[in-house]
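Below is the file my_file_19.csv, which contains CSV, N, CA and C atoms.
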chain,number,residue,atom,x,y,z
A,1,MET,N,33.2,-13.2,13.7
A,1,MET,CA,31.9,-13.4,14.5
A,1,MET,C,32.1,-12.8,15.9
A,2,ILE,N,30.9,-12.3,16.4
A,2,ILE,CA,30.9,-11.8,17.7
A,2,ILE,C,30.1,-12.8,18.6
A,3,ARG,N,30.9,-13.5,19.4
A,3,ARG,CA,30.3,-14.5,20.2
A,3,ARG,C,30.2,-14.2,21.7
A,4,THR,N,31.0,-13.3,22.2
A,4,THR,CA,31.0,-13.0,23.6
A,4,THR,C,30.9,-11.5,23.8
A,5,GLN,N,30.6,-11.1,25.1
A,5,GLN,CA,30.6,-9.7,25.4
A,5,GLN,C,31.9,-9.0,25.1
A,6,LYS,N,33.0,-9.7,25.3
A,6,LYS,CA,34.3,-9.1,25.0
A,6,LYS,C,34.5,-8.9,23.5
A,7,ASP,N,34.0,-9.8,22.7
A,7,ASP,CA,34.1,-9.7,21.3
A,7,ASP,C,33.2,-8.4,20.9
A,8,TYR,N,32.1,-8.3,21.5
A,8,TYR,CA,31.2,-7.2,21.2
A,8,TYR,C,31.8,-5.9,21.5
A,9,GLU,N,32.4,-5.8,22.7
A,9,GLU,CA,33.0,-4.5,23.1
A,9,GLU,C,34.2,-4.2,22.1
A,10,ALA,N,35.0,-5.2,21.7
A,10,ALA,CA,36.1,-4.9,20.8
A,10,ALA,C,35.5,-4.5,19.4
A,11,ALA,N,34.4,-5.0,19.0
A,11,ALA,CA,33.8,-4.6,17.7
A,11,ALA,C,33.3,-3.2,17.8
A,12,LEU,N,32.7,-2.8,18.9
A,12,LEU,CA,32.3,-1.5,19.1
A,12,LEU,C,33.4,-0.5,19.0
A,13,LYS,N,34.5,-0.8,19.7
A,13,LYS,CA,35.7,0.1,19.7
A,13,LYS,C,36.2,0.2,18.2
A,14,GLU,N,36.3,-0.9,17.5
A,14,GLU,CA,36.8,-0.8,16.1
A,14,GLU,C,35.8,0.0,15.2
A,15,THR,N,34.5,-0.2,15.5
A,15,THR,CA,33.5,0.6,14.7
A,15,THR,C,33.7,2.1,15.0
A,16,GLU,N,34.0,2.5,16.2
A,16,GLU,CA,34.2,3.9,16.5
A,16,GLU,C,35.4,4.4,15.7
A,17,LEU,N,36.5,3.6,15.6
A,17,LEU,CA,37.7,4.0,14.9
A,17,LEU,C,37.4,4.2,13.4
A,18,LEU,N,36.5,3.3,12.9
A,18,LEU,CA,36.2,3.3,11.4
A,18,LEU,C,35.0,4.2,11.1
A,19,PHE,N,34.4,4.9,12.0
A,19,PHE,CA,33.2,5.6,11.8
A,19,PHE,C,33.2,6.5,10.6
A,20,ASP,N,34.3,7.2,10.4
A,20,ASP,CA,34.3,8.2,9.3
A,20,ASP,C,34.9,7.6,8.0
A,21,ALA,N,35.0,6.3,7.9
A,21,ALA,CA,35.5,5.6,6.7
A,21,ALA,C,34.6,5.9,5.5
A,22,GLU,N,35.2,6.1,4.4
A,22,GLU,CA,34.5,6.4,3.1
A,22,GLU,C,33.9,5.1,2.6
A,23,PRO,N,32.7,5.2,2.0
A,23,PRO,CA,32.1,4.0,1.4
A,23,PRO,C,33.0,3.5,0.3
A,24,ASP,N,32.8,2.2,0.0
A,24,ASP,CA,33.5,1.5,-1.1
A,24,ASP,C,35.0,1.6,-1.0
A,25,THR,N,35.5,1.6,0.2
A,25,THR,CA,37.0,1.5,0.5
A,25,THR,C,37.1,0.2,1.4
A,26,PRO,N,38.3,-0.3,1.6
A,26,PRO,CA,38.5,-1.4,2.5
A,26,PRO,C,38.0,-1.1,3.9
A,27,GLU,N,38.3,0.1,4.4
A,27,GLU,CA,37.8,0.5,5.7
A,27,GLU,C,36.3,0.7,5.8
A,28,GLY,N,35.7,1.2,4.7
A,28,GLY,CA,34.3,1.3,4.7
A,28,GLY,C,33.6,0.0,4.6
A,29,ASP,N,34.2,-1.0,3.9
A,29,ASP,CA,33.6,-2.3,3.8
A,29,ASP,C,33.7,-3.0,5.2
A,30,ARG,N,34.9,-2.8,5.9
A,30,ARG,CA,35.0,-3.3,7.2
A,30,ARG,C,34.0,-2.8,8.2
A,31,LEU,N,33.8,-1.5,8.1
A,31,LEU,CA,32.8,-0.8,9.0
A,31,LEU,C,31.4,-1.4,8.7
A,32,GLU,N,31.1,-1.6,7.4
A,32,GLU,CA,29.7,-2.2,7.1
A,32,GLU,C,29.6,-3.6,7.7
A,33,ILE,N,30.6,-4.4,7.6
A,33,ILE,CA,30.6,-5.8,8.1
A,33,ILE,C,30.5,-5.7,9.6
A,34,LEU,N,31.3,-4.9,10.3
A,34,LEU,CA,31.2,-4.8,11.8
A,34,LEU,C,29.9,-4.3,12.2
A,35,THR,N,29.3,-3.4,11.5
A,35,THR,CA,28.0,-2.8,11.9
A,35,THR,C,26.9,-4.0,11.8
A,36,THR,N,27.0,-4.7,10.8
A,36,THR,CA,26.1,-5.9,10.6
A,36,THR,C,26.2,-6.9,11.8
A,37,LEU,N,27.5,-7.2,12.1
A,37,LEU,CA,27.7,-8.1,13.2
A,37,LEU,C,27.3,-7.6,14.5
A,38,VAL,N,27.5,-6.3,14.8
A,38,VAL,CA,27.1,-5.7,16.0
A,38,VAL,C,25.6,-5.7,16.1
A,39,GLU,N,24.9,-5.4,15.1
A,39,GLU,CA,23.4,-5.4,15.1
A,39,GLU,C,22.9,-6.8,15.4
A,40,ALA,N,23.5,-7.8,14.7
A,40,ALA,CA,23.0,-9.1,15.0
A,40,ALA,C,23.2,-9.5,16.4
A,41,TYR,N,24.4,-9.2,17.0
A,41,TYR,CA,24.6,-9.5,18.4
A,41,TYR,C,23.7,-8.8,19.3
A,42,GLU,N,23.4,-7.5,19.0
A,42,GLU,CA,22.5,-6.7,19.9
A,42,GLU,C,21.1,-7.3,19.8
A,43,ASN,N,20.7,-7.6,18.6
A,43,ASN,CA,19.3,-8.2,18.4
A,43,ASN,C,19.1,-9.5,19.2
A,44,GLN,N,20.2,-10.2,19.3
A,44,GLN,CA,20.1,-11.5,20.0
A,44,GLN,C,20.2,-11.3,21.5
A,45,HIS,N,21.0,-10.4,22.0
A,45,HIS,CA,21.3,-10.2,23.4
A,45,HIS,C,20.6,-9.0,24.1
A,46,TYR,N,20.2,-8.1,23.3
A,46,TYR,CA,19.6,-6.9,23.9
A,46,TYR,C,18.3,-6.5,23.2
A,47,SER,N,17.4,-7.4,23.2
A,47,SER,CA,16.1,-7.0,22.5
A,47,SER,C,15.4,-5.9,23.2
A,48,ILE,N,14.9,-5.0,22.4
A,48,ILE,CA,14.2,-3.8,22.9
A,48,ILE,C,12.7,-4.0,22.6
A,49,PRO,N,11.8,-3.9,23.6
A,49,PRO,CA,10.4,-4.1,23.3
A,49,PRO,C,9.9,-3.0,22.4
A,50,LEU,N,8.9,-3.3,21.6
A,50,LEU,CA,8.3,-2.3,20.8
A,50,LEU,C,7.5,-1.3,21.6
A,51,PRO,N,7.5,-0.1,21.1
A,51,PRO,CA,6.7,1.0,21.9
A,51,PRO,C,5.2,0.8,21.7
A,52,ASP,N,4.5,1.3,22.7
A,52,ASP,CA,3.1,1.3,22.7
A,52,ASP,C,2.6,2.0,21.4
A,53,PRO,N,1.5,1.5,20.7
A,53,PRO,CA,1.1,2.2,19.4
A,53,PRO,C,0.7,3.6,19.6
A,54,VAL,N,0.0,4.0,20.6
A,54,VAL,CA,-0.4,5.4,20.7
A,54,VAL,C,0.8,6.3,21.0
A,55,GLU,N,1.7,5.8,21.9
A,55,GLU,CA,2.9,6.5,22.1
A,55,GLU,C,3.8,6.7,20.9
A,56,ALA,N,3.8,5.7,20.0
A,56,ALA,CA,4.5,5.8,18.8
A,56,ALA,C,3.9,6.8,17.9
A,57,ILE,N,2.6,6.9,17.8
A,57,ILE,CA,1.9,7.9,17.0
A,57,ILE,C,2.3,9.3,17.5
A,58,PHE,N,2.3,9.5,18.9
A,58,PHE,CA,2.7,10.8,19.4
A,58,PHE,C,4.1,11.1,19.1
A,59,TYR,N,5.0,10.1,19.1
A,59,TYR,CA,6.4,10.3,18.8
A,59,TYR,C,6.5,10.8,17.4
A,60,TYR,N,5.9,10.1,16.4
A,60,TYR,CA,6.0,10.5,15.0
A,60,TYR,C,5.4,11.9,14.8
A,61,MET,N,4.3,12.2,15.5
A,61,MET,CA,3.7,13.6,15.4
A,61,MET,C,4.7,14.6,15.9
A,62,GLU,N,5.3,14.4,17.0
A,62,GLU,CA,6.2,15.4,17.6
A,62,GLU,C,7.5,15.5,16.7
A,63,SER,N,8.0,14.4,16.2
A,63,SER,CA,9.3,14.4,15.5
A,63,SER,C,9.1,15.1,14.1
A,64,ARG,N,7.8,15.1,13.6
A,64,ARG,CA,7.6,15.7,12.3
A,64,ARG,C,6.8,17.0,12.4
A,65,GLY,N,6.5,17.5,13.6
A,65,GLY,CA,5.8,18.7,13.7
A,65,GLY,C,4.4,18.6,13.3
A,66,LEU,N,3.8,17.5,13.5
A,66,LEU,CA,2.4,17.3,13.1
A,66,LEU,C,1.4,17.6,14.3
A,67,HIS,N,0.2,18.0,13.9
A,67,HIS,CA,-0.8,18.2,14.9
A,67,HIS,C,-1.9,17.2,14.7
A,68,TRP,N,-2.9,17.1,15.6
A,68,TRP,CA,-3.9,16.1,15.6
A,68,TRP,C,-4.7,16.2,14.3
A,69,ASN,N,-4.9,17.3,13.7
A,69,ASN,CA,-5.7,17.4,12.5
A,69,ASN,C,-4.9,16.9,11.3
A,70,ASP,N,-3.6,16.8,11.4
A,70,ASP,CA,-2.7,16.2,10.3
A,70,ASP,C,-2.9,14.7,10.2
A,71,LEU,N,-3.5,14.1,11.3
A,71,LEU,CA,-3.8,12.7,11.2
A,71,LEU,C,-5.1,12.3,10.6
A,72,GLU,N,-5.9,13.2,10.3
A,72,GLU,CA,-7.2,12.9,9.7
A,72,GLU,C,-7.2,12.1,8.4
A,73,PRO,N,-6.2,12.3,7.5
A,73,PRO,CA,-6.2,11.5,6.3
A,73,PRO,C,-5.9,10.0,6.6
A,74,TYR,N,-5.3,9.8,7.8
A,74,TYR,CA,-4.9,8.4,8.1
A,74,TYR,C,-5.9,7.7,9.1
A,75,ILE,N,-6.6,8.5,9.9
A,75,ILE,CA,-7.4,8.0,11.0
A,75,ILE,C,-8.9,8.3,10.7
A,76,GLY,N,-9.2,9.4,10.1
A,76,GLY,CA,-10.6,9.8,9.9
A,76,GLY,C,-10.8,11.2,10.5
A,77,LYS,N,-12.1,11.5,10.6
A,77,LYS,CA,-12.5,12.8,11.1
A,77,LYS,C,-11.9,13.0,12.5
A,78,SER,N,-11.9,14.3,12.9
A,78,SER,CA,-11.2,14.7,14.1
A,78,SER,C,-11.7,14.0,15.4
A,79,SER,N,-12.9,13.6,15.4
A,79,SER,CA,-13.4,12.9,16.6
A,79,SER,C,-12.8,11.5,16.7
A,80,TYR,N,-12.5,10.9,15.6
A,80,TYR,CA,-11.8,9.6,15.6
A,80,TYR,C,-10.4,9.7,16.0
A,81,VAL,N,-9.7,10.8,15.5
A,81,VAL,CA,-8.3,11.1,15.9
A,81,VAL,C,-8.3,11.3,17.5
A,82,SER,N,-9.2,12.0,18.0
A,82,SER,CA,-9.3,12.3,19.4
A,82,SER,C,-9.5,11.0,20.2
A,83,ASP,N,-10.4,10.2,19.7
A,83,ASP,CA,-10.7,8.9,20.4
A,83,ASP,C,-9.5,8.0,20.4
A,84,ILE,N,-8.8,7.9,19.3
A,84,ILE,CA,-7.6,7.1,19.2
A,84,ILE,C,-6.5,7.6,20.2
A,85,LEU,N,-6.2,8.9,20.1
A,85,LEU,CA,-5.1,9.5,20.9
A,85,LEU,C,-5.4,9.5,22.3
A,86,ASN,N,-6.7,9.6,22.7
A,86,ASN,CA,-7.1,9.5,24.1
A,86,ASN,C,-7.4,8.1,24.5
A,87,ARG,N,-7.1,7.1,23.7
A,87,ARG,CA,-7.3,5.7,24.0
A,87,ARG,C,-8.7,5.3,24.3
A,88,LYS,N,-9.7,6.0,23.7
A,88,LYS,CA,-11.1,5.6,23.9
A,88,LYS,C,-11.5,4.5,22.9
A,89,LYS,N,-10.8,4.4,21.8
A,89,LYS,CA,-11.0,3.4,20.7
A,89,LYS,C,-9.7,2.9,20.2
A,90,PRO,N,-9.7,1.6,19.8
A,90,PRO,CA,-8.4,1.0,19.2
A,90,PRO,C,-8.3,1.4,17.8
A,91,LEU,N,-7.1,1.3,17.3
A,91,LEU,CA,-6.9,1.5,15.8
A,91,LEU,C,-7.5,0.4,15.1
A,92,SER,N,-8.1,0.7,13.9
A,92,SER,CA,-8.6,-0.3,13.0
A,92,SER,C,-7.5,-0.7,12.1
A,93,LEU,N,-7.8,-1.8,11.4
A,93,LEU,CA,-6.8,-2.3,10.4
A,93,LEU,C,-6.5,-1.3,9.3
A,94,GLU,N,-7.6,-0.7,8.9
A,94,GLU,CA,-7.5,0.3,7.8
A,94,GLU,C,-6.7,1.5,8.3
A,95,MET,N,-6.9,2.0,9.5
A,95,MET,CA,-6.1,3.1,10.1
A,95,MET,C,-4.6,2.7,10.2
A,96,ILE,N,-4.3,1.5,10.6
A,96,ILE,CA,-3.0,1.0,10.7
A,96,ILE,C,-2.3,1.0,9.3
A,97,ARG,N,-3.0,0.5,8.3
A,97,ARG,CA,-2.5,0.5,6.9
A,97,ARG,C,-2.2,1.9,6.5
A,98,LYS,N,-3.0,2.9,6.7
A,98,LYS,CA,-2.8,4.2,6.3
A,98,LYS,C,-1.7,4.9,7.1
A,99,LEU,N,-1.6,4.7,8.4
A,99,LEU,CA,-0.5,5.2,9.2
A,99,LEU,C,0.8,4.6,8.7
A,100,TYR,N,0.8,3.4,8.4
A,100,TYR,CA,2.1,2.7,7.9
A,100,TYR,C,2.5,3.3,6.5
A,101,SER,N,1.5,3.3,5.6
A,101,SER,CA,1.9,3.8,4.3
A,101,SER,C,2.1,5.3,4.2
A,102,GLY,N,1.4,6.1,5.0
A,102,GLY,CA,1.5,7.5,4.9
A,102,GLY,C,2.5,8.2,5.8
A,103,LEU,N,2.7,7.6,7.0
A,103,LEU,CA,3.7,8.2,7.9
A,103,LEU,C,4.9,7.3,8.2
A,104,SER,N,4.9,6.1,7.6
A,104,SER,CA,5.9,5.1,7.8
A,104,SER,C,6.1,4.7,9.2
A,105,ILE,N,5.0,4.7,10.0
A,105,ILE,CA,5.0,4.1,11.3
A,105,ILE,C,5.0,2.6,11.2
A,106,PRO,N,6.0,1.9,11.7
A,106,PRO,CA,6.1,0.4,11.5
A,106,PRO,C,4.8,-0.3,11.9
A,107,ALA,N,4.3,-1.1,11.0
A,107,ALA,CA,3.0,-1.9,11.2
A,107,ALA,C,3.2,-2.8,12.4
A,108,GLU,N,4.3,-3.3,12.7
A,108,GLU,CA,4.5,-4.2,13.8
A,108,GLU,C,4.3,-3.5,15.2
A,109,VAL,N,4.5,-2.2,15.1
A,109,VAL,CA,4.2,-1.4,16.3
A,109,VAL,C,2.8,-1.1,16.5
A,110,LEU,N,2.1,-0.7,15.4
A,110,LEU,CA,0.7,-0.4,15.4
A,110,LEU,C,-0.2,-1.5,15.6
A,111,ILE,N,0.1,-2.7,15.3
A,111,ILE,CA,-0.8,-3.8,15.4
A,111,ILE,C,-0.9,-4.4,16.8
A,112,GLN,N,0.0,-4.0,17.7
A,112,GLN,CA,0.0,-4.5,19.1
A,112,GLN,C,-1.3,-4.0,19.8
A,113,SER,N,-1.7,-4.9,20.7
A,113,SER,CA,-2.9,-4.5,21.5
A,113,SER,C,-2.4,-3.5,22.5
A,114,TYR,N,-3.3,-2.7,23.0
A,114,TYR,CA,-3.0,-1.7,24.0
A,114,TYR,C,-4.3,-1.3,24.8
A,115,GLU,N,-4.1,-0.8,25.9
A,115,GLU,CA,-5.2,-0.5,26.8
A,115,GLU,C,-6.0,0.7,26.2
A,116,CYS,N,-7.3,0.5,26.2
A,116,CYS,CA,-8.3,1.6,25.9
A,116,CYS,C,-9.2,1.9,27.1
A,117,LYS,N,-9.4,3.2,27.3
A,117,LYS,CA,-10.4,3.6,28.3
A,117,LYS,C,-11.8,3.4,27.8
A,118,GLU,N,-12.6,3.0,28.7
A,118,GLU,CA,-14.0,2.9,28.3
A,118,GLU,C,-14.6,4.3,28.0
A,119,ALA,N,-15.3,4.4,26.9
A,119,ALA,CA,-16.0,5.7,26.6
A,119,ALA,C,-17.1,5.9,27.6
A,120,ALA,N,-17.2,7.2,28.0
A,120,ALA,CA,-18.2,7.5,29.0
A,120,ALA,C,-19.6,7.6,28.4

How does this structure look as structure tokens?
Amino acid sequence: MIRTQKDYEAALKETELLFDAEPDTPEGDRLEILTTLVEAYENQHYSIPLPDPVEAIFYYMESRGLHWNDLEPYIGKSSYVSDILNRKKPLSLEMIRKLYSGLSIPAEVLIQSYECKEAA
């Protein structure tokens, strides 16, 4: 178990040493166990807030080389895409479902509330 910061640091060092271990070997099994324990400790002690939904969409677009028009199957016509990305309108539940299933953007990120500008 990893109970203290010292335990955590020791587990990280050992994980580094085992990083190239082959799967289905004693070393590979040890690496898998250590990784699970490190993740559990980090989740408990170093929680990372979820990203803003619109920023997450931009990140997924950039990382996959997508353009605004590539989002039309998930969000709708180009004016809807523009309104969403410019924060003029919030994502609908149907858009969230499509972005999740089509682009694998985590639903827990997309369902968060976020600031929208008032349409002129």

Inset, instruction - Provide the CA of Leu37 (chain A) to CA of Leu17 (chain A) distance in Å, to one decimal place. - result: 15.8 Å

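Across the structure, CA of Tyr100 (chain A) and atom N of Lys117 (chain A) are spaced 22.6 Å apart.
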
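Excluding Thr36 (chain A) and any residue on its chain fewer than 2 positions from it, the residues at most 12 Å away by only C-alpha atoms are A:Met1, A:Ile2, A:Tyr8, A:Ala11, A:Leu12, A:Thr15, A:Asp29, A:Arg30, A:Leu31, A:Glu32, A:Ile33, A:Leu34, A:Val38, A:Glu39, A:Ala40, A:Tyr41, A:Glu42, A:Asn43.
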
Restricting the output to N, CA and C atoms, write the selected residues as a PDB file, in the frame of the given file.
ATOM      1  N   MET A   1      33.200 -13.200  13.700  1.00  0.00           N
ATOM      2  CA  MET A   1      31.900 -13.400  14.500  1.00  0.00           C
ATOM      3  C   MET A   1      32.100 -12.800  15.900  1.00  0.00           C
ATOM      4  N   ILE A   2      30.900 -12.300  16.400  1.00  0.00           N
ATOM      5  CA  ILE A   2      30.900 -11.800  17.700  1.00  0.00           C
ATOM      6  C   ILE A   2      30.100 -12.800  18.600  1.00  0.00           C
ATOM      7  N   TYR A   8      32.100  -8.300  21.500  1.00  0.00           N
ATOM      8  CA  TYR A   8      31.200  -7.200  21.200  1.00  0.00           C
ATOM      9  C   TYR A   8      31.800  -5.900  21.500  1.00  0.00           C
ATOM     10  N   ALA A  11      34.400  -5.000  19.000  1.00  0.00           N
ATOM     11  CA  ALA A  11      33.800  -4.600  17.700  1.00  0.00           C
ATOM     12  C   ALA A  11      33.300  -3.200  17.800  1.00  0.00           C
ATOM     13  N   LEU A  12      32.700  -2.800  18.900  1.00  0.00           N
ATOM     14  CA  LEU A  12      32.300  -1.500  19.100  1.00  0.00           C
ATOM     15  C   LEU A  12      33.400  -0.500  19.000  1.00  0.00           C
ATOM     16  N   THR A  15      34.500  -0.200  15.500  1.00  0.00           N
ATOM     17  CA  THR A  15      33.500   0.600  14.700  1.00  0.00           C
ATOM     18  C   THR A  15      33.700   2.100  15.000  1.00  0.00           C
ATOM     19  N   ASP A  29      34.200  -1.000   3.900  1.00  0.00           N
ATOM     20  CA  ASP A  29      33.600  -2.300   3.800  1.00  0.00           C
ATOM     21  C   ASP A  29      33.700  -3.000   5.200  1.00  0.00           C
ATOM     22  N   ARG A  30      34.900  -2.800   5.900  1.00  0.00           N
ATOM     23  CA  ARG A  30      35.000  -3.300   7.200  1.00  0.00           C
ATOM     24  C   ARG A  30      34.000  -2.800   8.200  1.00  0.00           C
ATOM     25  N   LEU A  31      33.800  -1.500   8.100  1.00  0.00           N
ATOM     26  CA  LEU A  31      32.800  -0.800   9.000  1.00  0.00           C
ATOM     27  C   LEU A  31      31.400  -1.400   8.700  1.00  0.00           C
ATOM     28  N   GLU A  32      31.100  -1.600   7.400  1.00  0.00           N
ATOM     29  CA  GLU A  32      29.700  -2.200   7.100  1.00  0.00           C
ATOM     30  C   GLU A  32      29.600  -3.600   7.700  1.00  0.00           C
ATOM     31  N   ILE A  33      30.600  -4.400   7.600  1.00  0.00           N
ATOM     32  CA  ILE A  33      30.600  -5.800   8.100  1.00  0.00           C
ATOM     33  C   ILE A  33      30.500  -5.700   9.600  1.00  0.00           C
ATOM     34  N   LEU A  34      31.300  -4.900  10.300  1.00  0.00           N
ATOM     35  CA  LEU A  34      31.200  -4.800  11.800  1.00  0.00           C
ATOM     36  C   LEU A  34      29.900  -4.300  12.200  1.00  0.00           C
ATOM     37  N   VAL A  38      27.500  -6.300  14.800  1.00  0.00           N
ATOM     38  CA  VAL A  38      27.100  -5.700  16.000  1.00  0.00           C
ATOM     39  C   VAL A  38      25.600  -5.700  16.100  1.00  0.00           C
ATOM     40  N   GLU A  39      24.900  -5.400  15.100  1.00  0.00           N
ATOM     41  CA  GLU A  39      23.400  -5.400  15.100  1.00  0.00           C
ATOM     42  C   GLU A  39      22.900  -6.800  15.400  1.00  0.00           C
ATOM     43  N   ALA A  40      23.500  -7.800  14.700  1.00  0.00           N
ATOM     44  CA  ALA A  40      23.000  -9.100  15.000  1.00  0.00           C
ATOM     45  C   ALA A  40      23.200  -9.500  16.400  1.00  0.00           C
ATOM     46  N   TYR A  41      24.400  -9.200  17.000  1.00  0.00           N
ATOM     47  CA  TYR A  41      24.600  -9.500  18.400  1.00  0.00           C
ATOM     48  C   TYR A  41      23.700  -8.800  19.300  1.00  0.00           C
ATOM     49  N   GLU A  42      23.400  -7.500  19.000  1.00  0.00           N
ATOM     50  CA  GLU A  42      22.500  -6.700  19.900  1.00  0.00           C
ATOM     51  C   GLU A  42      21.100  -7.300  19.800  1.00  0.00           C
ATOM     52  N   ASN A  43      20.700  -7.600  18.600  1.00  0.00           N
ATOM     53  CA  ASN A  43      19.300  -8.200  18.400  1.00  0.00           C
ATOM     54  C   ASN A  43      19.100  -9.500  19.200  1.00  0.00           C
TER      55      ASN A  43
END

Inset, instruction - Report the distance between CA of Val81 (chain A) and atom N of Arg97 (chain A) in Å, rounded to one decimal place. - result: 14.1 Å

Inset, instruction - Name all residues at most 7 Å from Ser78 (chain A) (count only N, CA and C atoms; drop same-chain ones fewer than 3 positions away) and give them as a ChimeraX atom specification. - result: /A:68-69,72,81-83

Restricting it to N, CA and C atoms, dump the selection as a CSV table (one decimal), in the frame of the given file.
chain,number,residue,atom,x,y,z
A,68,TRP,N,-2.9,17.1,15.6
A,68,TRP,CA,-3.9,16.1,15.6
A,68,TRP,C,-4.7,16.2,14.3
A,69,ASN,N,-4.9,17.3,13.7
A,69,ASN,CA,-5.7,17.4,12.5
A,69,ASN,C,-4.9,16.9,11.3
A,72,GLU,N,-5.9,13.2,10.3
A,72,GLU,CA,-7.2,12.9,9.7
A,72,GLU,C,-7.2,12.1,8.4
A,81,VAL,N,-9.7,10.8,15.5
A,81,VAL,CA,-8.3,11.1,15.9
A,81,VAL,C,-8.3,11.3,17.5
A,82,SER,N,-9.2,12.0,18.0
A,82,SER,CA,-9.3,12.3,19.4
A,82,SER,C,-9.5,11.0,20.2
A,83,ASP,N,-10.4,10.2,19.7
A,83,ASP,CA,-10.7,8.9,20.4
A,83,ASP,C,-9.5,8.0,20.4

Return as JSON lines the residues of region 60-110 of chain A lying at most 5 Å from region 45-56 of chain A, together with the closest atom-to-atom pair for each and the distance in Å to one decimal, counting only N, CA and C atoms, with rows in chain order and ascending residue number.
{"residue": "A:Tyr60", "atom": "N", "partner": "A:Ala56", "partner_atom": "C", "distance": 4.1}
{"residue": "A:Val109", "atom": "C", "partner": "A:Pro53", "partner_atom": "CA", "distance": 4.7}
{"residue": "A:Leu110", "atom": "CA", "partner": "A:Pro53", "partner_atom": "CA", "distance": 4.8}

Inset, instruction - Output as a count of residues only all residues of region 51-112 of chain A that backbone DSSP marks as helix (DSSP H, G or I). - result: 43
